[in-house]
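model.tsv (TSV, C-alpha atoms and all ligand atoms)
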chain	number	residue	atom	x	y	z
A	1	MET	CA	16.41	9.95	-4.56
A	2	LYS	CA	16.47	6.20	-5.03
A	3	ARG	CA	17.31	3.95	-2.09
A	4	ASP	CA	19.62	0.97	-2.42
A	5	ILE	CA	17.67	-2.25	-2.35
A	6	PRO	CA	18.70	-4.26	0.73
A	7	SER	CA	21.27	-6.92	-0.09
A	8	ILE	CA	22.15	-10.28	1.51
A	9	GLY	CA	21.37	-10.20	5.22
A	10	GLU	CA	19.78	-6.76	5.00
A	11	VAL	CA	16.10	-6.02	5.41
A	12	ASP	CA	14.13	-2.81	5.19
A	13	LEU	CA	11.10	-2.86	7.43
A	14	TRP	CA	8.47	-0.32	6.40
A	15	TRP	CA	5.62	0.36	8.77
A	16	LEU	CA	2.58	2.56	9.23
A	17	TYR	CA	-0.67	2.77	11.12
A	18	ALA	CA	-3.52	2.50	8.63
A	19	SER	CA	-5.68	5.01	10.50
A	20	ASP	CA	-2.93	7.63	10.23
A	21	LEU	CA	-3.42	8.03	6.48
A	22	ASN	CA	-4.92	11.38	5.56
A	23	GLU	CA	-7.25	11.98	2.64
A	24	VAL	CA	-4.46	12.72	0.18
A	25	GLU	CA	-2.57	9.58	1.17
A	26	ARG	CA	-5.67	7.41	0.94
A	27	ALA	CA	-6.38	8.86	-2.50
A	28	ARG	CA	-2.86	8.00	-3.60
A	29	CYS	CA	-3.12	4.43	-2.43
A	30	TRP	CA	-6.47	4.08	-4.15
A	31	ALA	CA	-5.13	5.49	-7.43
A	32	TRP	CA	-2.24	2.99	-7.39
A	33	MET	CA	-4.50	-0.03	-6.99
A	34	THR	CA	-5.76	-2.16	-9.88
A	35	PRO	CA	-9.48	-2.54	-10.60
A	36	GLU	CA	-9.28	-6.05	-9.12
A	37	GLU	CA	-7.81	-4.63	-5.93
A	38	HIS	CA	-10.59	-2.01	-5.80
A	39	THR	CA	-13.14	-4.79	-6.06
A	40	GLN	CA	-11.37	-6.83	-3.42
A	41	GLN	CA	-11.24	-3.87	-1.06
A	42	GLN	CA	-14.96	-3.27	-1.44
A	43	ARG	CA	-15.68	-6.84	-0.40
A	44	PHE	CA	-14.59	-6.04	3.17
A	45	LEU	CA	-17.62	-5.11	5.22
A	46	ARG	CA	-15.85	-3.26	7.99
A	47	SER	CA	-14.32	0.12	7.31
A	48	GLU	CA	-11.17	-0.73	9.29
A	49	ASP	CA	-10.60	-3.80	7.10
A	50	GLN	CA	-11.05	-1.69	3.97
A	51	ARG	CA	-8.63	0.85	5.36
A	52	MET	CA	-6.08	-1.81	6.21
A	53	TYR	CA	-6.33	-3.34	2.74
A	54	LEU	CA	-5.85	0.09	1.13
A	55	ALA	CA	-2.91	0.99	3.40
A	56	THR	CA	-1.23	-2.35	2.76
A	57	ARG	CA	-1.43	-2.06	-1.05
A	58	GLY	CA	-0.27	1.56	-0.87
A	59	LEU	CA	2.62	0.76	1.44
A	60	VAL	CA	3.89	-2.21	-0.61
A	61	ARG	CA	3.66	-0.38	-3.93
A	62	SER	CA	5.18	2.90	-2.75
A	63	ALA	CA	7.92	1.23	-0.68
A	64	LEU	CA	9.02	-0.89	-3.67
A	65	SER	CA	9.09	2.25	-5.81
A	66	THR	CA	11.61	3.91	-3.51
A	67	TYR	CA	14.23	1.49	-4.94
A	68	ALA	CA	13.50	1.84	-8.65
A	69	ASP	CA	12.29	4.16	-11.38
A	70	ILE	CA	9.00	2.37	-11.32
A	71	GLN	CA	5.76	4.12	-10.40
A	72	PRO	CA	3.76	2.56	-7.53
A	73	LYS	CA	0.88	1.75	-9.85
A	74	GLU	CA	3.14	-0.14	-12.28
A	75	TRP	CA	3.83	-3.05	-9.91
A	76	ARG	CA	2.03	-6.27	-10.69
A	77	PHE	CA	1.67	-9.17	-8.26
A	78	THR	CA	0.81	-12.81	-8.39
A	79	THR	CA	0.25	-15.37	-5.65
A	80	ASP	CA	1.60	-18.90	-5.38
A	81	THR	CA	-0.19	-22.06	-4.27
A	82	HIS	CA	-0.18	-21.12	-0.59
A	83	GLY	CA	-1.28	-17.55	-1.23
A	84	ARG	CA	2.07	-15.82	-0.94
A	85	PRO	CA	2.24	-12.67	-3.09
A	86	TRP	CA	5.22	-12.15	-5.40
A	87	ILE	CA	6.23	-9.40	-7.78
A	88	SER	CA	5.30	-10.49	-11.31
A	89	GLY	CA	6.20	-7.26	-13.03
A	90	PRO	CA	8.14	-5.29	-13.97
A	91	ARG	CA	10.76	-8.04	-14.13
A	92	LEU	CA	13.72	-7.64	-11.79
A	93	GLN	CA	16.99	-9.51	-11.64
A	94	PRO	CA	17.21	-10.97	-9.05
A	95	THR	CA	13.59	-10.76	-7.99
A	96	TRP	CA	12.98	-8.66	-4.90
A	97	ILE	CA	11.20	-10.30	-2.01
A	98	PHE	CA	8.66	-8.67	0.21
A	99	ASN	CA	6.41	-9.90	2.95
A	100	VAL	CA	3.56	-8.19	4.72
A	101	SER	CA	1.93	-8.57	8.08
A	102	HIS	CA	-0.83	-6.64	9.79
A	103	SER	CA	-2.27	-6.62	13.23
A	104	ARG	CA	-5.04	-4.33	14.35
A	105	ASP	CA	-4.08	-0.95	12.92
A	106	LEU	CA	-0.42	-1.66	12.18
A	107	VAL	CA	0.89	-2.78	8.79
A	108	VAL	CA	4.51	-3.76	8.19
A	109	CYS	CA	6.22	-4.65	4.92
A	110	ALA	CA	9.69	-6.23	4.90
A	111	ILE	CA	11.77	-6.01	1.72
A	112	THR	CA	15.05	-7.52	0.57
A	113	SER	CA	16.63	-8.66	-2.68
A	114	HIS	CA	18.20	-11.97	-1.62
A	115	GLY	CA	16.93	-15.08	0.09
A	116	ASP	CA	13.61	-15.84	1.69
A	117	LEU	CA	11.92	-13.41	4.00
A	118	GLY	CA	8.97	-13.58	6.37
A	119	VAL	CA	7.57	-11.08	8.85
A	120	ASP	CA	4.89	-11.35	11.46
A	121	VAL	CA	3.36	-8.89	13.90
A	122	GLU	CA	1.09	-9.96	16.64
A	123	GLY	CA	-0.80	-7.89	19.21
A	124	ILE	CA	-1.50	-8.94	22.75
A	125	ASP	CA	-5.03	-10.22	23.15
A	126	ALA	CA	-5.95	-10.69	26.78
A	127	ARG	CA	-8.93	-12.92	25.90
A	128	ARG	CA	-6.84	-15.64	24.29
A	129	ASP	CA	-6.43	-18.97	25.99
A	130	ILE	CA	-2.68	-18.87	25.44
A	131	LEU	CA	-1.92	-21.98	27.47
A	132	GLY	CA	-4.56	-23.94	25.58
A	133	ILE	CA	-3.17	-22.78	22.23
A	134	ALA	CA	0.41	-23.44	23.37
A	135	LYS	CA	-0.43	-26.94	24.55
A	136	ARG	CA	-1.84	-27.72	21.13
A	137	PHE	CA	0.59	-25.93	18.83
A	138	PHE	CA	3.88	-25.55	20.69
A	139	VAL	CA	6.53	-28.12	21.56
A	140	PRO	CA	6.52	-29.31	25.20
A	141	GLU	CA	9.61	-27.25	26.12
A	142	GLU	CA	7.94	-24.05	24.90
A	143	TYR	CA	4.75	-24.90	26.78
A	144	THR	CA	6.77	-25.57	29.92
A	145	ALA	CA	8.58	-22.25	29.54
A	146	LEU	CA	5.21	-20.48	29.51
A	147	LEU	CA	3.98	-22.45	32.53
A	148	GLY	CA	7.12	-21.39	34.39
A	149	LEU	CA	6.06	-17.74	34.27
A	150	SER	CA	3.78	-16.58	37.05
A	151	GLU	CA	2.59	-13.30	35.54
A	152	ARG	CA	-0.01	-13.36	32.81
A	153	ASN	CA	1.63	-10.37	31.13
A	154	GLN	CA	4.94	-12.20	30.84
A	155	GLN	CA	3.19	-15.31	29.53
A	156	GLU	CA	1.52	-13.14	26.88
A	157	GLN	CA	4.84	-11.68	25.78
A	158	LEU	CA	6.63	-15.00	25.59
A	159	PHE	CA	3.66	-16.57	23.79
A	160	SER	CA	3.68	-13.73	21.23
A	161	ALA	CA	7.44	-14.09	20.79
A	162	PHE	CA	7.12	-17.83	20.06
A	163	TRP	CA	4.14	-17.32	17.80
A	164	THR	CA	5.57	-14.49	15.71
A	165	LEU	CA	8.91	-16.27	15.27
A	166	LYS	CA	7.20	-19.44	14.08
A	167	GLU	CA	4.87	-17.57	11.77
A	168	ALA	CA	7.67	-15.42	10.34
A	169	TYR	CA	9.49	-18.62	9.38
A	170	MET	CA	6.32	-20.25	8.00
A	171	LYS	CA	5.74	-17.15	5.89
A	172	ALA	CA	9.35	-16.94	4.75
A	173	ARG	CA	8.95	-20.45	3.37
A	174	GLY	CA	5.75	-19.24	1.66
A	175	MET	CA	3.84	-22.14	3.17
A	176	GLY	CA	2.00	-20.58	6.08
A	177	PHE	CA	0.31	-23.18	8.26
A	178	ALA	CA	1.17	-25.96	5.82
A	179	ILE	CA	4.19	-26.04	8.15
A	180	GLU	CA	2.87	-26.99	11.55
A	181	PRO	CA	3.98	-24.73	14.41
A	182	GLN	CA	5.06	-27.70	16.52
A	183	TRP	CA	7.61	-28.70	13.84
A	184	LEU	CA	9.58	-25.56	14.83
A	185	HIS	CA	11.39	-25.56	18.18
A	186	ILE	CA	12.36	-22.20	19.63
A	187	SER	CA	14.80	-21.69	22.42
A	188	MET	CA	15.37	-18.35	24.09
A	189	GLN	CA	18.33	-19.36	26.24
A	190	PRO	CA	21.18	-18.85	26.19
A	191	ALA	CA	20.36	-17.13	22.87
A	192	LEU	CA	17.49	-17.03	20.43
A	193	SER	CA	17.58	-20.06	18.15
A	194	MET	CA	15.20	-22.23	16.17
A	195	SER	CA	15.58	-25.87	15.27
A	196	PHE	CA	13.43	-27.89	12.93
A	197	ASP	CA	11.65	-31.20	12.91
A	198	ARG	CA	12.69	-33.48	10.02
A	199	LYS	CA	9.32	-32.83	8.35
A	200	VAL	CA	10.40	-29.24	7.72
A	201	SER	CA	13.20	-30.35	5.36
A	202	ASP	CA	15.36	-27.37	6.12
A	203	HIS	CA	18.41	-26.50	8.16
A	204	PRO	CA	18.47	-23.67	10.70
A	205	ASN	CA	21.92	-22.47	9.86
A	206	ARG	CA	20.77	-20.73	6.70
A	207	TRP	CA	18.34	-18.60	8.74
A	208	ALA	CA	18.55	-15.56	10.94
A	209	PHE	CA	15.73	-14.43	13.17
A	210	SER	CA	15.02	-11.11	14.75
A	211	LEU	CA	12.51	-10.47	17.49
A	212	GLY	CA	11.33	-7.07	18.58
A	213	GLN	CA	8.73	-5.57	20.81
A	214	LEU	CA	6.72	-2.48	19.99
A	215	HIS	CA	5.39	-0.09	22.57
A	216	THR	CA	1.87	-1.07	21.58
A	217	GLY	CA	2.66	-4.47	23.06
A	218	HIS	CA	2.98	-6.06	19.61
A	219	SER	CA	5.69	-8.61	19.01
A	220	LEU	CA	7.41	-8.40	15.64
A	221	ALA	CA	9.53	-11.20	14.21
A	222	LEU	CA	11.56	-11.53	11.04
A	223	ALA	CA	12.95	-14.68	9.45
A	224	VAL	CA	15.60	-14.09	6.81
A	225	SER	CA	17.54	-16.70	4.86
A	226	TRP	CA	20.97	-16.37	3.38
A	227	GLY	CA	19.74	-17.07	-0.12
A	228	SER	CA	20.57	-20.74	-0.32
A	229	THR	CA	18.32	-23.75	-0.05
A	230	ALA	CA	21.22	-25.77	1.36
A	231	PRO	CA	22.78	-25.42	4.80
A	232	ILE	CA	25.57	-22.85	4.89
A	233	PRO	CA	29.07	-24.00	5.81
A	234	PRO	CA	29.91	-22.56	9.23
A	235	GLU	CA	32.92	-20.65	7.88
A	236	GLN	CA	30.58	-18.62	5.64
A	237	ILE	CA	28.36	-17.52	8.49
A	238	PRO	CA	29.26	-14.01	9.59
A	239	ALA	CA	30.34	-14.06	13.21
A	240	ASN	CA	30.30	-11.44	15.93
A	241	ALA	CA	28.01	-9.13	14.07
A	242	PRO	CA	27.74	-5.87	15.99
A	243	ASN	CA	23.97	-5.94	16.17
A	244	ALA	CA	23.60	-9.57	17.12
A	245	PRO	CA	23.44	-9.56	20.90
A	246	ASP	CA	22.53	-12.71	22.70
A	247	ILE	CA	19.17	-12.49	24.28
A	248	GLU	CA	18.86	-11.14	27.77
A	249	PRO	CA	15.93	-13.22	28.98
A	250	THR	CA	14.66	-10.40	31.15
A	251	SER	CA	14.60	-7.89	28.32
A	252	LEU	CA	11.71	-9.77	26.75
A	253	PHE	CA	9.67	-8.61	29.69
A	254	ALA	CA	10.60	-4.97	29.62
A	255	PRO	CA	7.68	-3.26	31.34
A	256	LEU	CA	5.30	-1.40	29.08
A	257	PRO	CA	3.66	1.81	30.22
A	258	ASP	CA	0.34	1.02	31.90
A	259	ALA	CA	-1.81	2.70	29.30
A	260	GLU	CA	-0.23	0.66	26.56
A	261	ARG	CA	-0.29	-2.60	28.43
A	262	ALA	CA	-4.05	-2.35	28.79
A	263	LEU	CA	-4.67	-3.13	25.15
A	264	PRO	CA	-8.20	-3.71	23.97
A	265	ALA	CA	-8.95	-7.39	23.79
A	266	SER	CA	-11.21	-7.18	20.79
A	267	ARG	CA	-10.04	-6.87	17.19
A	268	ASP	CA	-12.73	-4.25	16.79
A	269	GLN	CA	-10.99	-1.80	19.04
A	270	ARG	CA	-7.83	-0.33	17.73
A	271	ALA	CA	-4.86	-0.13	20.00
A	272	LEU	CA	-3.39	3.27	19.37
A	273	PRO	CA	-0.37	4.35	21.34
A	274	ALA	CA	-0.22	7.93	22.49
A	275	SER	CA	2.93	8.38	20.44
A	276	ARG	CA	2.63	7.50	16.76
A	277	ASP	CA	6.16	6.25	16.80
A	278	LEU	CA	6.66	2.51	16.35
A	279	GLY	CA	8.52	2.27	19.63
A	280	TYR	CA	10.61	-0.64	18.38
A	281	HIS	CA	12.70	-2.36	20.98
A	282	LEU	CA	14.98	-5.10	19.70
A	283	VAL	CA	14.74	-8.14	21.93
A	284	ALA	CA	17.01	-10.56	20.11
A	285	HIS	CA	18.73	-11.52	16.93
A	286	SER	CA	19.57	-15.15	16.48
A	287	ALA	CA	23.21	-15.50	17.37
A	288	ALA	CA	26.21	-14.83	15.13
A	289	ARG	CA	24.44	-13.40	12.13
A	290	GLY	CA	25.07	-10.01	10.67
A	291	LEU	CA	21.40	-9.33	10.06
A	292	GLN	CA	20.78	-5.64	9.47
A	293	VAL	CA	17.26	-4.34	9.87
A	294	ARG	CA	16.39	-0.77	8.91
A	295	LEU	CA	13.09	0.67	10.18
A	296	LEU	CA	11.40	3.06	7.76
A	297	HIS	CA	8.17	4.98	8.15
A	298	GLY	CA	5.68	4.26	5.38
A	299	ARG	CA	4.73	7.91	5.05
A	300	GLU	CA	8.16	8.53	3.54
A	301	ALA	CA	7.34	6.04	0.78
A	302	LEU	CA	3.84	7.38	0.20
A	303	HIS	CA	5.30	10.82	-0.47
A	304	ALA	CA	8.45	9.76	-2.30
A	305	ARG	CA	6.84	10.09	-5.72
A	306	PRO	CA	5.37	13.26	-7.18
A	307	SER	CA	1.65	12.80	-7.58
A	308	ALA	CA	1.54	12.59	-11.38
A	309	ASP	CA	-0.38	9.36	-11.22
A	310	THR	CA	-2.39	10.14	-8.11
A	311	THR	CA	-4.83	12.91	-8.68
A	312	PRO	CA	-6.77	13.00	-5.43
A	313	ALA	CA	-10.07	11.29	-5.92
A	314	LYS	CA	-12.75	10.42	-3.47
A	315	THR	CA	-11.99	7.03	-2.01
A	316	PRO	CA	-14.80	4.95	-0.60
A	317	VAL	CA	-12.76	4.37	2.52
A	318	THR	CA	-14.32	5.63	5.69
A	319	PRO	CA	-12.10	8.36	7.10
A	320	SER	CA	-10.42	7.69	10.38
A	321	PRO	CA	-12.08	9.28	13.38
B	401	LIG	C1	0.27	-16.81	5.66
B	401	LIG	C2	-0.52	-16.90	6.94
B	401	LIG	C3	0.31	-17.62	7.99
B	401	LIG	C4	-0.79	-15.43	7.37
B	401	LIG	O1	-1.48	-15.38	8.57
B	401	LIG	P1	-2.01	-14.06	9.37
B	401	LIG	O2	-1.35	-14.02	10.70
B	401	LIG	O3	-3.46	-14.11	9.32
B	401	LIG	O4	-1.65	-12.79	8.56
B	401	LIG	P2	-0.47	-11.72	8.50
B	401	LIG	O5	-1.08	-10.39	8.70
B	401	LIG	O6	0.72	-12.03	9.32
B	401	LIG	O7	0.01	-11.87	6.98
B	401	LIG	C5	-0.89	-11.67	5.94
B	401	LIG	C6	-0.09	-11.39	4.69
B	401	LIG	O8	0.82	-12.45	4.43
B	401	LIG	C7	0.98	-12.60	3.03
B	401	LIG	N1	0.76	-14.00	2.76
B	401	LIG	C8	-0.38	-14.66	2.42
B	401	LIG	N2	-0.12	-15.98	2.27
B	401	LIG	C9	1.19	-16.15	2.51
B	401	LIG	C10	2.06	-17.28	2.50
B	401	LIG	N3	1.60	-18.50	2.21
B	401	LIG	N4	3.36	-17.10	2.79
B	401	LIG	C11	3.84	-15.88	3.08
B	401	LIG	N5	3.06	-14.76	3.10
B	401	LIG	C12	1.76	-14.90	2.82
B	401	LIG	C13	-0.02	-11.67	2.36
B	401	LIG	O9	0.67	-10.53	1.89
B	401	LIG	C14	-0.95	-11.28	3.48
B	401	LIG	O10	-1.39	-9.96	3.42
B	401	LIG	P3	-2.64	-9.54	2.51
B	401	LIG	O11	-3.70	-10.53	2.81
B	401	LIG	O12	-2.96	-8.15	2.90
B	401	LIG	O13	-2.11	-9.65	1.11
B	401	LIG	C15	-1.84	-17.68	6.76
B	401	LIG	O14	-2.71	-16.90	6.01
B	401	LIG	C16	-1.62	-19.02	6.03
B	401	LIG	O15	-1.24	-20.01	6.60
B	401	LIG	N6	-1.86	-19.05	4.71
B	401	LIG	C17	-1.64	-20.22	3.88
B	401	LIG	C18	-2.97	-20.75	3.44
B	401	LIG	C19	-2.79	-21.83	2.41
B	401	LIG	O16	-1.98	-22.73	2.54
B	401	LIG	N7	-3.55	-21.70	1.36
B	401	LIG	C20	-3.44	-22.63	0.26
B	401	LIG	C21	-4.74	-22.80	-0.41
B	401	LIG	S1	-5.70	-23.98	0.48

Mind turning this structure into C-alpha cells?
Amino acid sequence: MKRDIPSIGEVDLWWLYASDLNEVERARCWAWMTPEEHTQQQRFLRSEDQRMYLATRGLVRSALSTYADIQPKEWRFTTDTHGRPWISGPRLQPTWIFNVSHSRDLVVCAITSHGDLGVDVEGIDARRDILGIAKRFFVPEEYTALLGLSERNQQEQLFSAFWTLKEAYMKARGMGFAIEPQWLHISMQPALSMSFDRKVSDHPNRWAFSLGQLHTGHSLALAVSWGSTAPIPPEQIPANAPNAPDIEPTSLFAPLPDAERALPASRDQRALPASRDLGYHLVAHSAARGLQVRLLHGREALHARPSADTTPAKTPVTPSP
C-alpha cells in the first residue's frame, strides 16, 4: 500500500542501524544501486563505511518508493554545487525533498514534498574538545551557555543540540559549511529559536526546527521550511500546534541509562543500544509551528516491495558480527 507523501509542515523520518541489515536486506540494497554507486561503495576501505554507504542508498531508494509506483532501483540522483543530492528522475511534480544524515551505525533519511529540509544526527564523543570547538564556531551566548553547565555530560548534550540544529539548517539550505555556524544564533530559552546573521540572507520565520534525543545519546535535529523563500506573514504561521511544546530546559538533560551514556569515544567502535529501538525523545519544536514528524523504521521500506528486482546476490559487504 502506498503512503501519502508528507505535505507542507510534515516530515517522515526513516531510520535504521546499518549493522542490523541481514543478508537478504543487504542484497536488496546492492541490487538497487547503480554501477557507479557500486564503485563508490568499493572505494571505502573500512567495512563499516561500506555497510553505511549500502544502507544509506537502500534506505533512501526504498523509502522513496513507499510513496510511488516506482521501484527502488529506478530512482536517479544528482548533486548540486555544494554536494547536496536531489532526485533527478523519475520526474515528480512538485519535486520531493530528502536529506540524509549518518552517525556511527545510525542512518536517518527525512522526506517531504514541500519546502527545504535538512536533518542531522550527532553522537556524543567524549574525546572532543567541545569548549574549544564552541569558542571557535558558536556565538558568544551559546559558548557562555555551555560554560554555565558544570557537568560534562550536560555540556555534551547542549553542544550536540546546538551543533545538530545548526547543521540541519545548513543542510536544508543545501550549502553545508558554506554557511558558517556562527552566523546562526540558537536560543533554548524560553523556547527553541534560531536567528540569523545578515550574511545568511534568510528570515527565521519561514523555518521550524525540531530537536530530539535518542537513547544512544545521539542528538537529532530537523530544519523544515514552509516552502517559501520569503518571510511568512505572521498570520499565516500556524499557532498553538498540539505538538509544539516550548522547551523545558531540564528535559534536554534527561538522564540516559549508564550503559548508554558510556558511549565509545572512537568512530571505530559502534555504539549499539541494548534495544534496537530508536528511543526517540522529543526535546523541542521551535515555537508555534505545526510541524509533524513521523518516525518510520527503515526495515518497513526495505520490505515494502516484492523482490522482483532484487534476486539475492552475494554482496561484497562484510557481514555484521
Ligand atoms: C553537508 C555537510 C554539512 C554534511 O556533513 P556531515 O556531518 O559530515 O554528514 P551527515 O552525515 O550529516 O550528512 C551527509 C549527507 O548529507 C547529504 N549532503 C551532502 N552535501 C550536502 C549539502 N551541501 N547539503 C545538504 N545535504 C548534503 C548527503 O546525502 C550526505 O550523505 P551521503 O554522503 O551518504 O550521500 C558537509 O559535508 C558539507 O558542508 N558539505 C558541503 C561541502 C561543499 O560545499 N562542497 C562544495 C564543493 S567544494

In Å and to one decimal, atom P3 of ligand LIG 401 (chain B) is distant from atom CA of Asp116 of chain A by 17.4 Å

Margin query: Residues contacting ligand LIG 401 (chain B) - anything with an atom at most 7 Å away, using all atoms listed in the file - can you give me those as a ChimeraX atom specification?
Written below: /A:53,56,81-85,99-103,118-121,167,170-178

With distances taken over all atoms listed in the file, the candidate from A:Thr164, A:Ser113, A:Asn22, A:Ser210 nearest Leu302 of chain A is A:Asn22

For segment 298-300 of chain A, list every protein, DNA or RNA residue within 7 Å, evaluated using only C-alpha atoms, and leave out those in the same chain fewer than 2 positions away; present the list as a PyMOL selection string.
chain A and resi 14-16+59+296+302-304

May I ask which of the residues A:Thr112, A:Gln93, A:Gln40, A:Gln155 is the closest one to Gln292 of chain A, counting all atoms listed in the file?
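Under the stated criterion, the closest residue is A:Thr112.
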